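What follows is the content of run.tsv, which has TSV, C-alpha atoms and all ligand atoms:
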chain	number	residue	atom	x	y	z
A	132	CYS	CA	-47.45	-84.32	-38.76
A	133	LEU	CA	-44.45	-82.87	-37.02
A	134	GLU	CA	-44.17	-85.94	-34.78
A	135	GLU	CA	-42.39	-88.00	-37.42
A	136	TYR	CA	-39.82	-85.27	-37.87
A	137	ARG	CA	-39.26	-85.35	-34.14
A	138	GLU	CA	-38.30	-89.04	-34.19
A	139	PHE	CA	-34.84	-87.89	-35.18
A	140	SER	CA	-35.16	-88.42	-38.87
A	141	VAL	CA	-32.04	-87.99	-40.98
A	142	ALA	CA	-31.78	-85.56	-43.88
A	143	VAL	CA	-29.06	-84.84	-46.42
A	144	VAL	CA	-29.20	-81.28	-47.80
A	145	THR	CA	-26.85	-80.28	-50.62
A	146	GLY	CA	-25.89	-76.63	-50.67
A	147	GLY	CA	-27.05	-76.67	-47.06
A	148	ALA	CA	-24.55	-74.03	-45.91
A	149	THR	CA	-25.94	-71.07	-47.84
A	150	GLY	CA	-29.12	-69.35	-49.02
A	151	ILE	CA	-32.12	-71.63	-49.49
A	152	GLY	CA	-30.23	-74.74	-48.30
A	153	HIS	CA	-29.27	-72.96	-45.08
A	154	ALA	CA	-32.91	-72.11	-44.41
A	155	VAL	CA	-33.96	-75.72	-45.07
A	156	THR	CA	-31.26	-76.99	-42.70
A	157	GLN	CA	-32.29	-74.55	-40.00
A	158	GLU	CA	-35.96	-75.54	-40.29
A	159	LEU	CA	-35.22	-79.29	-40.28
A	160	LEU	CA	-33.04	-78.87	-37.19
A	161	TYR	CA	-35.82	-76.93	-35.51
A	162	LEU	CA	-38.23	-79.75	-36.34
A	163	GLY	CA	-35.93	-82.30	-34.71
A	164	CYS	CA	-34.10	-83.89	-37.65
A	165	ASN	CA	-30.45	-84.81	-37.87
A	166	VAL	CA	-28.99	-83.04	-40.88
A	167	VAL	CA	-25.93	-83.62	-43.06
A	168	ILE	CA	-25.01	-80.62	-45.20
A	169	ALA	CA	-22.87	-81.15	-48.28
A	170	SER	CA	-21.25	-78.91	-50.88
A	171	ARG	CA	-17.84	-78.12	-52.37
A	172	LYS	CA	-16.36	-75.43	-50.09
A	173	GLU	CA	-15.41	-77.00	-46.78
A	174	GLU	CA	-14.74	-73.67	-45.01
A	175	GLN	CA	-18.26	-72.51	-45.84
A	176	LEU	CA	-19.70	-75.79	-44.51
A	177	LYS	CA	-17.72	-75.54	-41.27
A	178	GLN	CA	-18.86	-71.98	-40.72
A	179	ALA	CA	-22.51	-72.95	-41.18
A	180	VAL	CA	-22.17	-75.90	-38.79
A	181	THR	CA	-20.64	-73.68	-36.10
A	182	GLU	CA	-23.37	-71.07	-36.51
A	183	LEU	CA	-26.32	-73.49	-36.64
A	184	LYS	CA	-25.04	-75.65	-33.78
A	185	GLY	CA	-25.26	-72.55	-31.60
A	186	GLU	CA	-29.03	-72.66	-32.14
A	187	ILE	CA	-29.61	-76.27	-31.01
A	188	GLU	CA	-28.89	-78.40	-27.96
A	189	GLU	CA	-25.57	-80.24	-27.87
A	190	THR	CA	-26.03	-83.98	-28.42
A	191	SER	CA	-23.83	-86.98	-29.08
A	192	PRO	CA	-23.58	-87.65	-31.97
A	193	PRO	CA	-24.19	-84.02	-32.95
A	194	ARG	CA	-27.42	-83.43	-34.87
A	195	LEU	CA	-25.63	-81.49	-37.61
A	196	MET	CA	-22.59	-82.58	-39.57
A	197	HIS	CA	-20.96	-81.67	-42.86
A	198	VAL	CA	-19.41	-83.71	-45.66
A	199	PRO	CA	-17.56	-81.94	-48.48
A	200	CYS	CA	-19.07	-83.19	-51.73
A	201	ASN	CA	-19.11	-82.08	-55.33
A	202	ILE	CA	-22.30	-83.65	-56.66
A	203	ARG	CA	-20.64	-83.92	-60.08
A	204	GLN	CA	-18.22	-86.53	-58.71
A	205	GLU	CA	-19.63	-90.05	-58.38
A	206	LEU	CA	-17.13	-91.15	-55.73
A	207	GLN	CA	-17.81	-88.08	-53.58
A	208	VAL	CA	-21.56	-88.72	-53.83
A	209	LYS	CA	-21.06	-92.34	-52.76
A	210	HIS	CA	-18.87	-91.18	-49.86
A	211	LEU	CA	-21.51	-88.66	-48.72
A	212	PHE	CA	-24.15	-91.36	-48.19
A	213	GLU	CA	-21.63	-93.78	-46.65
A	214	GLU	CA	-20.69	-91.12	-44.08
A	215	THR	CA	-24.34	-90.29	-43.39
A	216	LEU	CA	-25.22	-93.93	-42.77
A	217	LYS	CA	-22.08	-94.49	-40.68
A	218	GLN	CA	-23.00	-91.57	-38.43
A	219	TYR	CA	-26.78	-91.89	-38.18
A	220	GLY	CA	-27.63	-95.39	-39.48
A	221	LYS	CA	-30.43	-94.23	-41.77
A	222	LEU	CA	-31.55	-91.72	-44.37
A	223	ASP	CA	-35.10	-90.38	-44.46
A	224	TYR	CA	-34.90	-87.21	-46.53
A	225	LEU	CA	-32.78	-85.97	-49.41
A	226	VAL	CA	-32.92	-82.33	-50.51
A	227	ASN	CA	-31.11	-81.80	-53.82
A	228	ASN	CA	-30.69	-78.06	-53.51
A	229	GLY	CA	-27.04	-77.53	-54.50
A	230	GLY	CA	-26.60	-76.06	-57.97
A	231	GLY	CA	-26.18	-72.93	-60.02
A	232	GLN	CA	-25.11	-71.50	-63.34
A	233	PHE	CA	-23.67	-68.40	-64.95
A	234	LEU	CA	-25.38	-65.73	-67.06
A	235	CYS	CA	-24.58	-66.09	-70.75
A	236	GLN	CA	-26.45	-65.82	-74.04
A	237	ALA	CA	-27.08	-69.27	-75.50
A	238	ALA	CA	-25.09	-68.48	-78.63
A	239	ASP	CA	-21.98	-67.84	-76.53
A	240	ILE	CA	-22.03	-70.78	-74.11
A	241	SER	CA	-18.88	-72.88	-74.60
A	242	LYS	CA	-19.13	-76.66	-74.61
A	243	LYS	CA	-17.12	-76.77	-71.39
A	244	GLY	CA	-19.48	-74.27	-69.74
A	245	TRP	CA	-22.54	-76.18	-71.00
A	246	ASN	CA	-21.14	-79.43	-69.61
A	247	ALA	CA	-20.29	-77.83	-66.25
A	248	VAL	CA	-23.88	-76.63	-65.80
A	249	ILE	CA	-25.52	-79.84	-67.06
A	250	GLU	CA	-23.26	-81.96	-64.87
A	251	THR	CA	-24.08	-79.83	-61.84
A	252	ASN	CA	-27.81	-79.37	-62.26
A	253	LEU	CA	-28.90	-82.54	-64.05
A	254	THR	CA	-26.31	-85.32	-63.80
A	255	GLY	CA	-25.47	-84.36	-60.20
A	256	ILE	CA	-29.11	-84.68	-59.13
A	257	PHE	CA	-29.40	-87.99	-60.98
A	258	LEU	CA	-26.30	-89.34	-59.22
A	259	MET	CA	-27.56	-88.18	-55.81
A	260	CYS	CA	-30.99	-89.77	-56.24
A	261	GLN	CA	-29.57	-92.99	-57.62
A	262	GLU	CA	-27.04	-93.35	-54.80
A	263	ALA	CA	-29.63	-92.54	-52.10
A	264	HIS	CA	-31.84	-95.21	-53.60
A	265	LYS	CA	-28.97	-97.70	-53.80
A	266	GLN	CA	-27.54	-97.22	-50.32
A	267	TRP	CA	-30.76	-96.82	-48.32
A	268	MET	CA	-34.07	-95.67	-49.76
A	269	GLY	CA	-34.55	-98.56	-52.20
A	270	GLU	CA	-34.94	-100.87	-49.23
A	271	HIS	CA	-36.34	-98.54	-46.57
A	272	GLY	CA	-38.20	-95.79	-48.42
A	273	GLY	CA	-37.72	-92.05	-48.02
A	274	VAL	CA	-38.57	-88.66	-49.45
A	275	ILE	CA	-36.65	-86.63	-52.04
A	276	VAL	CA	-37.11	-82.97	-53.00
A	277	ASN	CA	-35.28	-81.57	-56.04
A	278	MET	CA	-34.70	-77.83	-56.56
A	279	LEU	CA	-35.67	-76.45	-59.97
A	280	MET	CA	-36.08	-72.88	-61.24
A	281	ASP	CA	-38.72	-70.87	-63.11
A	282	MET	CA	-38.03	-72.55	-66.47
A	283	ASP	CA	-41.37	-73.32	-68.12
A	284	ARG	CA	-41.03	-70.50	-70.68
A	285	GLY	CA	-37.38	-71.23	-71.36
A	286	VAL	CA	-34.64	-69.34	-69.54
A	287	PRO	CA	-32.96	-66.73	-71.75
A	288	MET	CA	-29.42	-65.99	-70.46
A	289	MET	CA	-29.46	-69.30	-68.57
A	290	ALA	CA	-30.45	-71.76	-71.32
A	291	HIS	CA	-28.08	-74.42	-69.98
A	292	SER	CA	-29.61	-74.34	-66.52
A	293	GLY	CA	-33.18	-74.21	-67.86
A	294	ALA	CA	-32.52	-77.34	-69.91
A	295	ALA	CA	-30.95	-79.10	-66.94
A	296	ARG	CA	-33.79	-78.23	-64.56
A	297	ALA	CA	-36.45	-79.26	-67.08
A	298	GLY	CA	-34.61	-82.57	-67.21
A	299	VAL	CA	-34.74	-82.82	-63.44
A	300	GLU	CA	-38.47	-82.10	-63.42
A	301	ASN	CA	-38.97	-85.03	-65.76
A	302	LEU	CA	-36.58	-87.23	-63.74
A	303	THR	CA	-38.62	-86.37	-60.66
A	304	LYS	CA	-41.71	-87.81	-62.33
A	305	SER	CA	-39.90	-90.97	-63.53
A	306	PHE	CA	-38.44	-91.62	-60.08
A	307	ALA	CA	-41.81	-90.94	-58.42
A	308	VAL	CA	-43.40	-93.72	-60.46
A	309	GLU	CA	-40.48	-96.19	-60.57
A	310	TRP	CA	-39.81	-95.93	-56.86
A	311	ALA	CA	-43.35	-95.67	-55.46
A	312	HIS	CA	-43.34	-99.35	-54.52
A	313	HIS	CA	-40.11	-98.78	-52.58
A	314	GLY	CA	-41.98	-96.28	-50.40
A	315	ILE	CA	-40.19	-93.31	-51.92
A	316	ARG	CA	-41.87	-90.00	-52.76
A	317	VAL	CA	-40.06	-87.63	-55.12
A	318	ASN	CA	-41.14	-84.02	-55.65
A	319	ALA	CA	-39.66	-80.72	-56.81
A	320	VAL	CA	-39.74	-77.10	-55.73
A	321	ALA	CA	-39.30	-74.37	-58.34
A	322	PRO	CA	-38.22	-71.06	-56.82
A	323	GLY	CA	-38.87	-67.98	-58.93
A	324	ASN	CA	-35.73	-66.17	-60.06
A	325	SER	CA	-36.37	-63.87	-57.15
A	326	ILE	CA	-35.23	-65.55	-53.93
A	327	TYR	CA	-32.75	-63.17	-52.42
A	328	SER	CA	-29.75	-64.20	-50.39
A	329	GLU	CA	-26.31	-62.59	-50.29
A	330	THR	CA	-24.68	-65.79	-51.50
A	331	ALA	CA	-27.01	-66.15	-54.48
A	332	ALA	CA	-26.58	-62.48	-55.43
A	333	LYS	CA	-22.80	-62.55	-55.32
A	334	ASN	CA	-22.70	-65.11	-58.16
A	335	TYR	CA	-23.84	-62.52	-60.66
A	336	PRO	CA	-21.99	-59.55	-62.14
A	337	ILE	CA	-25.21	-57.48	-62.20
A	338	ASP	CA	-27.94	-57.03	-59.61
A	339	VAL	CA	-30.30	-59.64	-61.06
A	340	PHE	CA	-32.66	-59.44	-58.12
A	341	GLU	CA	-33.23	-55.67	-58.37
A	342	ARG	CA	-34.00	-56.19	-62.06
A	343	VAL	CA	-36.71	-58.78	-61.49
A	344	LYS	CA	-38.34	-57.13	-58.46
A	345	PRO	CA	-40.63	-54.61	-60.25
A	346	HIS	CA	-41.98	-57.39	-62.49
A	347	LEU	CA	-43.29	-59.60	-59.69
A	348	PRO	CA	-46.98	-59.61	-58.72
A	349	ALA	CA	-45.78	-59.80	-55.11
A	350	LYS	CA	-43.75	-56.58	-55.70
A	351	ARG	CA	-41.06	-57.92	-53.45
A	352	LEU	CA	-38.37	-60.58	-53.54
A	353	GLY	CA	-38.88	-63.97	-51.93
A	354	THR	CA	-36.93	-65.28	-48.96
A	355	PRO	CA	-35.03	-68.56	-48.54
A	356	GLU	CA	-37.41	-69.34	-45.65
A	357	GLU	CA	-40.40	-69.14	-48.00
A	358	VAL	CA	-38.81	-71.79	-50.23
A	359	SER	CA	-37.78	-73.86	-47.23
A	360	ALA	CA	-41.40	-73.97	-46.01
A	361	ALA	CA	-42.45	-75.68	-49.26
A	362	VAL	CA	-39.52	-78.12	-49.09
A	363	CYS	CA	-40.32	-79.10	-45.51
A	364	PHE	CA	-44.01	-79.51	-46.32
A	365	LEU	CA	-43.16	-81.90	-49.18
A	366	LEU	CA	-40.83	-83.86	-46.91
A	367	SER	CA	-43.44	-84.11	-44.18
A	368	PRO	CA	-46.20	-86.71	-43.77
A	369	ALA	CA	-48.64	-83.88	-44.55
A	370	ALA	CA	-47.62	-84.48	-48.18
A	371	SER	CA	-47.97	-88.26	-48.01
A	372	TYR	CA	-50.19	-88.41	-51.13
A	373	ILE	CA	-48.09	-86.01	-53.20
A	374	THR	CA	-45.41	-87.39	-55.51
A	375	GLY	CA	-44.01	-86.43	-58.92
A	376	GLU	CA	-45.25	-82.85	-58.35
A	377	THR	CA	-43.62	-79.43	-58.63
A	378	VAL	CA	-44.48	-76.65	-56.19
A	379	HIS	CA	-43.73	-73.12	-57.44
A	380	VAL	CA	-42.57	-70.56	-54.90
A	381	ASP	CA	-42.36	-67.39	-56.97
A	382	GLY	CA	-44.92	-64.82	-55.80
A	383	GLY	CA	-46.74	-65.44	-59.11
A	384	GLY	CA	-43.69	-64.36	-61.14
A	385	ARG	CA	-43.97	-67.13	-63.72
A	386	LEU	CA	-47.54	-66.06	-64.56
A	387	TYR	CA	-46.87	-62.41	-65.01
A	388	SER	CA	-43.36	-61.09	-65.27
A	389	PRO	CA	-41.42	-60.67	-68.50
A	390	LEU	CA	-38.51	-63.05	-68.80
A	391	PHE	CA	-35.04	-61.84	-67.86
A	392	TRP	CA	-34.67	-60.74	-71.44
A	393	THR	CA	-36.22	-58.12	-73.70
A	394	VAL	CA	-36.66	-58.94	-77.37
A	395	PRO	CA	-35.37	-55.96	-79.41
A	396	ASP	CA	-37.72	-54.43	-82.02
A	397	HIS	CA	-37.26	-56.28	-85.29
A	398	LYS	CA	-39.00	-57.46	-88.47
A	399	MET	CA	-37.24	-60.77	-88.82
A	400	LEU	CA	-40.23	-63.08	-88.35
A	401	GLN	CA	-42.42	-62.20	-91.34
A	402	PRO	CA	-45.98	-63.57	-91.74
A	403	PHE	CA	-46.95	-65.94	-94.50
A	404	HIS	CA	-49.00	-64.15	-97.22
A	405	SER	CA	-51.49	-66.13	-99.31
A	406	ASN	CA	-51.98	-63.36	-101.91
A	407	GLN	CA	-49.51	-64.96	-104.28
A	408	GLY	CA	-52.45	-66.90	-105.84
A	409	VAL	CA	-53.81	-70.31	-104.97
A	410	GLU	CA	-51.18	-72.27	-106.85
A	411	GLU	CA	-48.31	-70.34	-105.28
A	412	ALA	CA	-49.90	-70.38	-101.82
A	413	THR	CA	-50.50	-74.12	-101.81
A	414	LYS	CA	-47.04	-75.05	-103.05
A	415	PRO	CA	-45.20	-76.99	-100.36
A	416	LYS	CA	-42.92	-74.58	-98.51
A	417	SER	CA	-40.37	-77.16	-97.48
A	418	LYS	CA	-36.77	-76.14	-98.13
A	419	LEU	CA	-35.68	-79.78	-98.27
B	1	LIG	C1	-32.31	-64.56	-64.35
B	1	LIG	C2	-31.63	-64.28	-63.01
B	1	LIG	C3	-31.99	-65.30	-62.02
B	1	LIG	C4	-31.27	-65.21	-60.73
B	1	LIG	C5	-31.84	-66.19	-59.80
B	1	LIG	C6	-30.83	-66.98	-59.15
B	1	LIG	C7	-30.67	-68.23	-59.46
B	1	LIG	C8	-29.70	-69.07	-58.80
B	1	LIG	O1	-29.52	-70.16	-59.24
B	1	LIG	S1	-28.88	-68.56	-57.40
B	1	LIG	C9	-27.60	-69.77	-57.14
B	1	LIG	C10	-26.41	-69.30	-57.80
B	1	LIG	N1	-25.27	-70.06	-57.40
B	1	LIG	C11	-24.41	-70.41	-58.29
B	1	LIG	O2	-24.59	-70.19	-59.47
B	1	LIG	C12	-23.20	-71.10	-57.75
B	1	LIG	C13	-22.80	-72.26	-58.51
B	1	LIG	N2	-22.24	-71.95	-59.84
B	1	LIG	C14	-21.15	-72.55	-60.26
B	1	LIG	O3	-20.55	-73.28	-59.51
B	1	LIG	C15	-20.70	-72.31	-61.70
B	1	LIG	O4	-21.42	-71.29	-62.27
B	1	LIG	C16	-20.76	-73.60	-62.59
B	1	LIG	C17	-22.10	-74.26	-62.48
B	1	LIG	C18	-20.45	-73.30	-64.00
B	1	LIG	C19	-19.72	-74.57	-62.18
B	1	LIG	O5	-18.51	-74.02	-62.36
B	1	LIG	P1	-17.14	-74.84	-62.15
B	1	LIG	O6	-17.28	-76.25	-62.03
B	1	LIG	O7	-16.46	-74.17	-61.02
B	1	LIG	O8	-16.53	-74.67	-63.49
B	1	LIG	P2	-15.60	-73.53	-63.97
B	1	LIG	O9	-15.77	-72.32	-63.15
B	1	LIG	O10	-14.27	-74.12	-64.09
B	1	LIG	O11	-16.20	-73.24	-65.40
B	1	LIG	C20	-16.25	-74.25	-66.40
B	1	LIG	C21	-16.57	-73.52	-67.68
B	1	LIG	O12	-17.83	-72.89	-67.56
B	1	LIG	C22	-17.80	-71.68	-68.30
B	1	LIG	N3	-18.07	-70.56	-67.39
B	1	LIG	C23	-18.01	-70.57	-66.06
B	1	LIG	N4	-18.37	-69.38	-65.55
B	1	LIG	C24	-18.66	-68.59	-66.61
B	1	LIG	C25	-19.12	-67.25	-66.76
B	1	LIG	N5	-19.34	-66.46	-65.68
B	1	LIG	N6	-19.33	-66.77	-68.00
B	1	LIG	C26	-19.12	-67.55	-69.10
B	1	LIG	N7	-18.68	-68.84	-69.03
B	1	LIG	C27	-18.47	-69.34	-67.80
B	1	LIG	C28	-16.43	-71.56	-68.90
B	1	LIG	O13	-16.42	-72.15	-70.17
B	1	LIG	C29	-15.59	-72.39	-67.96
B	1	LIG	O14	-14.44	-72.91	-68.52
B	1	LIG	P3	-13.08	-72.03	-68.55
B	1	LIG	O15	-13.37	-70.91	-69.50
B	1	LIG	O16	-12.02	-72.95	-69.01
B	1	LIG	O17	-12.88	-71.53	-67.13
B	2	LIG	N1	-32.09	-67.74	-55.47
B	2	LIG	C1	-32.93	-67.89	-56.48
B	2	LIG	O1	-33.64	-66.96	-56.87
B	2	LIG	C2	-33.02	-69.19	-57.19
B	2	LIG	C3	-32.29	-70.31	-56.82
B	2	LIG	N2	-32.43	-71.48	-57.50
B	2	LIG	C4	-31.69	-72.67	-57.13
B	2	LIG	O2	-31.84	-72.94	-55.76
B	2	LIG	C5	-30.66	-73.61	-55.27
B	2	LIG	C6	-30.09	-72.86	-54.07
B	2	LIG	O3	-29.68	-71.57	-54.51
B	2	LIG	P1	-29.47	-70.33	-53.53
B	2	LIG	O4	-29.54	-70.77	-52.14
B	2	LIG	O5	-30.36	-69.26	-53.98
B	2	LIG	O6	-27.99	-69.87	-53.93
B	2	LIG	P2	-26.57	-70.19	-53.26
B	2	LIG	O7	-25.56	-69.73	-54.23
B	2	LIG	O8	-26.54	-69.65	-51.88
B	2	LIG	O9	-26.56	-71.77	-53.15
B	2	LIG	C7	-26.02	-72.64	-54.07
B	2	LIG	C8	-25.43	-73.79	-53.28
B	2	LIG	O10	-25.13	-74.86	-54.15
B	2	LIG	C9	-23.87	-75.41	-53.78
B	2	LIG	N3	-23.31	-76.04	-54.97
B	2	LIG	C10	-23.07	-75.50	-56.18
B	2	LIG	N4	-22.50	-76.39	-56.99
B	2	LIG	C11	-22.36	-77.53	-56.28
B	2	LIG	C12	-21.81	-78.80	-56.58
B	2	LIG	N5	-21.27	-79.08	-57.76
B	2	LIG	N6	-21.83	-79.76	-55.61
B	2	LIG	C13	-22.36	-79.49	-54.37
B	2	LIG	N7	-22.89	-78.30	-54.06
B	2	LIG	C14	-22.88	-77.33	-54.99
B	2	LIG	C15	-23.07	-74.17	-53.33
B	2	LIG	O11	-22.00	-74.52	-52.45
B	2	LIG	P3	-20.48	-74.69	-52.97
B	2	LIG	O12	-20.20	-73.56	-53.87
B	2	LIG	O13	-19.68	-74.74	-51.71
B	2	LIG	O14	-20.45	-76.01	-53.65
B	2	LIG	C16	-24.13	-73.40	-52.59
B	2	LIG	O15	-24.18	-73.77	-51.24
B	2	LIG	C17	-29.70	-73.67	-56.45
B	2	LIG	O16	-29.86	-74.89	-57.13
B	2	LIG	C18	-30.19	-72.52	-57.30
B	2	LIG	O17	-29.77	-72.61	-58.64
B	2	LIG	C19	-33.31	-71.61	-58.54
B	2	LIG	C20	-34.04	-70.54	-58.94
B	2	LIG	C21	-33.93	-69.25	-58.32
Once you've parsed the file, please lay out its structure as C-alpha cells.
Amino acid sequence: CLEEYREFSVAVVTGGATGIGHAVTQELLYLGCNVVIASRKEEQLKQAVTELKGEIEETSPPRLMHVPCNIRQELQVKHLFEETLKQYGKLDYLVNNGGGQFLCQAADISKKGWNAVIETNLTGIFLMCQEAHKQWMGEHGGVIVNMLMDMDRGVPMMAHSGAARAGVENLTKSFAVEWAHHGIRVNAVAPGNSIYSETAAKNYPIDVFERVKPHLPAKRLGTPEEVSAAVCFLLSPAASYITGETVHVDGGGRLYSPLFWTVPDHKMLQPFHSNQGVEEATKPKSKL
C-alpha cells in the first residue's frame, strides 16, 4: 500500500507547520509524497520547511513547499491550489487540518467571535474541498481528510467549534456520496480534546490538557503522531473502501470522560408530577 505514496503523490496540508499538521507532513514526506503546507503565519511556515527539509533528500523541485493561506479567504484558497498545481502538476491528497477556536461559554460568545470560528472551521473547510474539486480532483480523483474534534455530546465552552465540526462531519458524508463517481474519497478524523502539542496548548489561558488527562481511559494524553497515523491510513490505498467515515483518535475519551464542564448542583429541571388528578395531568402543557 505504501507504493502509491512513493510515486511522488502530492498533498496539501493546512496547518501543516504545527502540532498535528506537522506530524502529518513529516509522515507524508517520509512516505515519499510532495507536500504543500499552508496556514496564516508565513514565518511559522518557513521555519517548518527549513526544519523538515533537513530530514529529507534535496530534490528539484523541492518535495516540501509552503503557501501562506487563510482558509477563510476564497482568493487565498484559490491561489493555494493554483500554486500547488503550478509546482507539482497534480493534487492527490488534501488534509483539512488547520483550525481552532477560543474557550468561551456559549452565552458570552459575540457574533463576531461566532462568525470567526464558523468561518474557520466550517466555511473554510467547505471552500478548500470545493476548490480542490474544481481545480483538480473533480476530473482526476483524490482523497480528502477533514479534522474534527470530540463533539458528539456537544462541546461546552467551545459550542461554536462543536457546531462547526458537526457541520464538517455532515459535509464529509455529502461530499463522499456526491463525489464518489469522480474517484474522490472523503473521510474525517476526530481527535479527542487531548492531543498535546506546545502550539495547541499555548492557545489556551489555562492548562486544558492537564485538566482532561485524569479523565481519559488511556490515562495519558495523545500525540500528534497518533492522529497522523489515522490520517495517513485514510489517505492510503489501504482505506480504498472507506469513505464518508469518521475515525476517532481519543484513547476512548469520548466514551468515558466527563465533558470539559461540570454542571453545578441545582434544582432547576423539575420532574413532571401526575398527582394533580387525571384532568389536570392530561391537560395540554403547551405554553403557546
Ligand atoms: C476543551 C479543551 C480542548 C482542548 C483541545 C484542543 C483543541 C484544539 O483545537 S487545539 C488548536 C488550537 N488552535 C487554535 O485555536 C488556533 C486558531 N484559533 C484562532 O485563530 C482564533 O481562536 C479564531 C478561530 C477565533 C480566529 O481568530 P481571528 O480570525 O484571529 O479573529 P480575532 O482574533 O480577530 O477574533 C475575532 C473575534 O472572536 C472573538 N474572540 C477571539 N478570541 C477570543 C477569546 N479568547 N475570548 C473571547 N472572544 C474571542 C472576539 O469577538 C473577536 O473580536 P474582537 O473582540 O473584535 O477582537
Ligand atoms: N490538539 C487537540 O487536542 C485537538 C485538535 N483539534 C483540531 O486539530 C487541528 C490541528 O490542531 P493542533 O495541531 O492540535 O493545534 P495547532 O494550534 O498546532 O494547529 C492549528 C493550525 O491551524 C492553523 N490555522 C488556524 N486558523 C487557520 C486559518 N484560518 N487558515 C489556515 N490555517 C489556520 C494554524 O496556523 P496559523 O495560525 O499560522 O494559521 C495552526 O498551524 C485543528 O483543527 C484543531 O482544532 C481538534 C480536537 C482536539
Counting only C-alpha atoms and all ligand atoms, figure out which residue out of A:Ala237, A:Ala297, A:Leu176, A:Leu225 gets nearest to ligand LIG 2 (chain B).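 Result for the nearest residue to ligand LIG 2 (chain B): A:Leu176.
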Just checking: using all atoms listed in the file, which residue out of A:Gly230, A:Pro389, A:Gly163, A:Gly152 ends up closest to His346 in chain A? A:Pro389
Using all atoms listed in the file, which of the listed residues (A:Thr156, A:Thr254, A:Ser367, A:Thr374) sits closest to Glu309 in chain A?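 Comparing A:Thr156, A:Thr254, A:Ser367, A:Thr374 against Glu309 in chain A, the winner is A:Thr374.
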With all atoms listed in the file as the basis for distance, which of A:Leu160, A:Glu341, A:Phe212, A:Glu173 is at the shortest distance from Ile187 in chain A? A:Leu160
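Considering the residues A:Arg194, A:Arg385, A:Lys333, A:His271 and counting only C-alpha atoms and all ligand atoms, ligand LIG 2 (chain B) has its shortest atom-to-atom contact with A:Lys333.
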Can you work out which one of A:Ala148, A:Ala295, A:Gln204, A:Asn165 has the shortest atom-to-atom distance to Glu182 in chain A, counting all atoms listed in the file?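 Once distances to Glu182 in chain A are computed over all atoms listed in the file, the minimum belongs to A:Ala148.
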What residues have any atom no more than 6 Å from ligand LIG 2 (chain B) when counting only C-alpha atoms and all ligand atoms, and can you list them as a ChimeraX atom specification? /A:145-152,170-172,200-203,228-231,251,278-280,322-327,330-331
Show which residues sit within 12 Å of Thr181 in chain A, as a VMD selection string. Count all atoms listed in the file, and ignore same-chain residues fewer than 6 positions away. chain A and resid 148 174 to 175 187 189 193 to 197
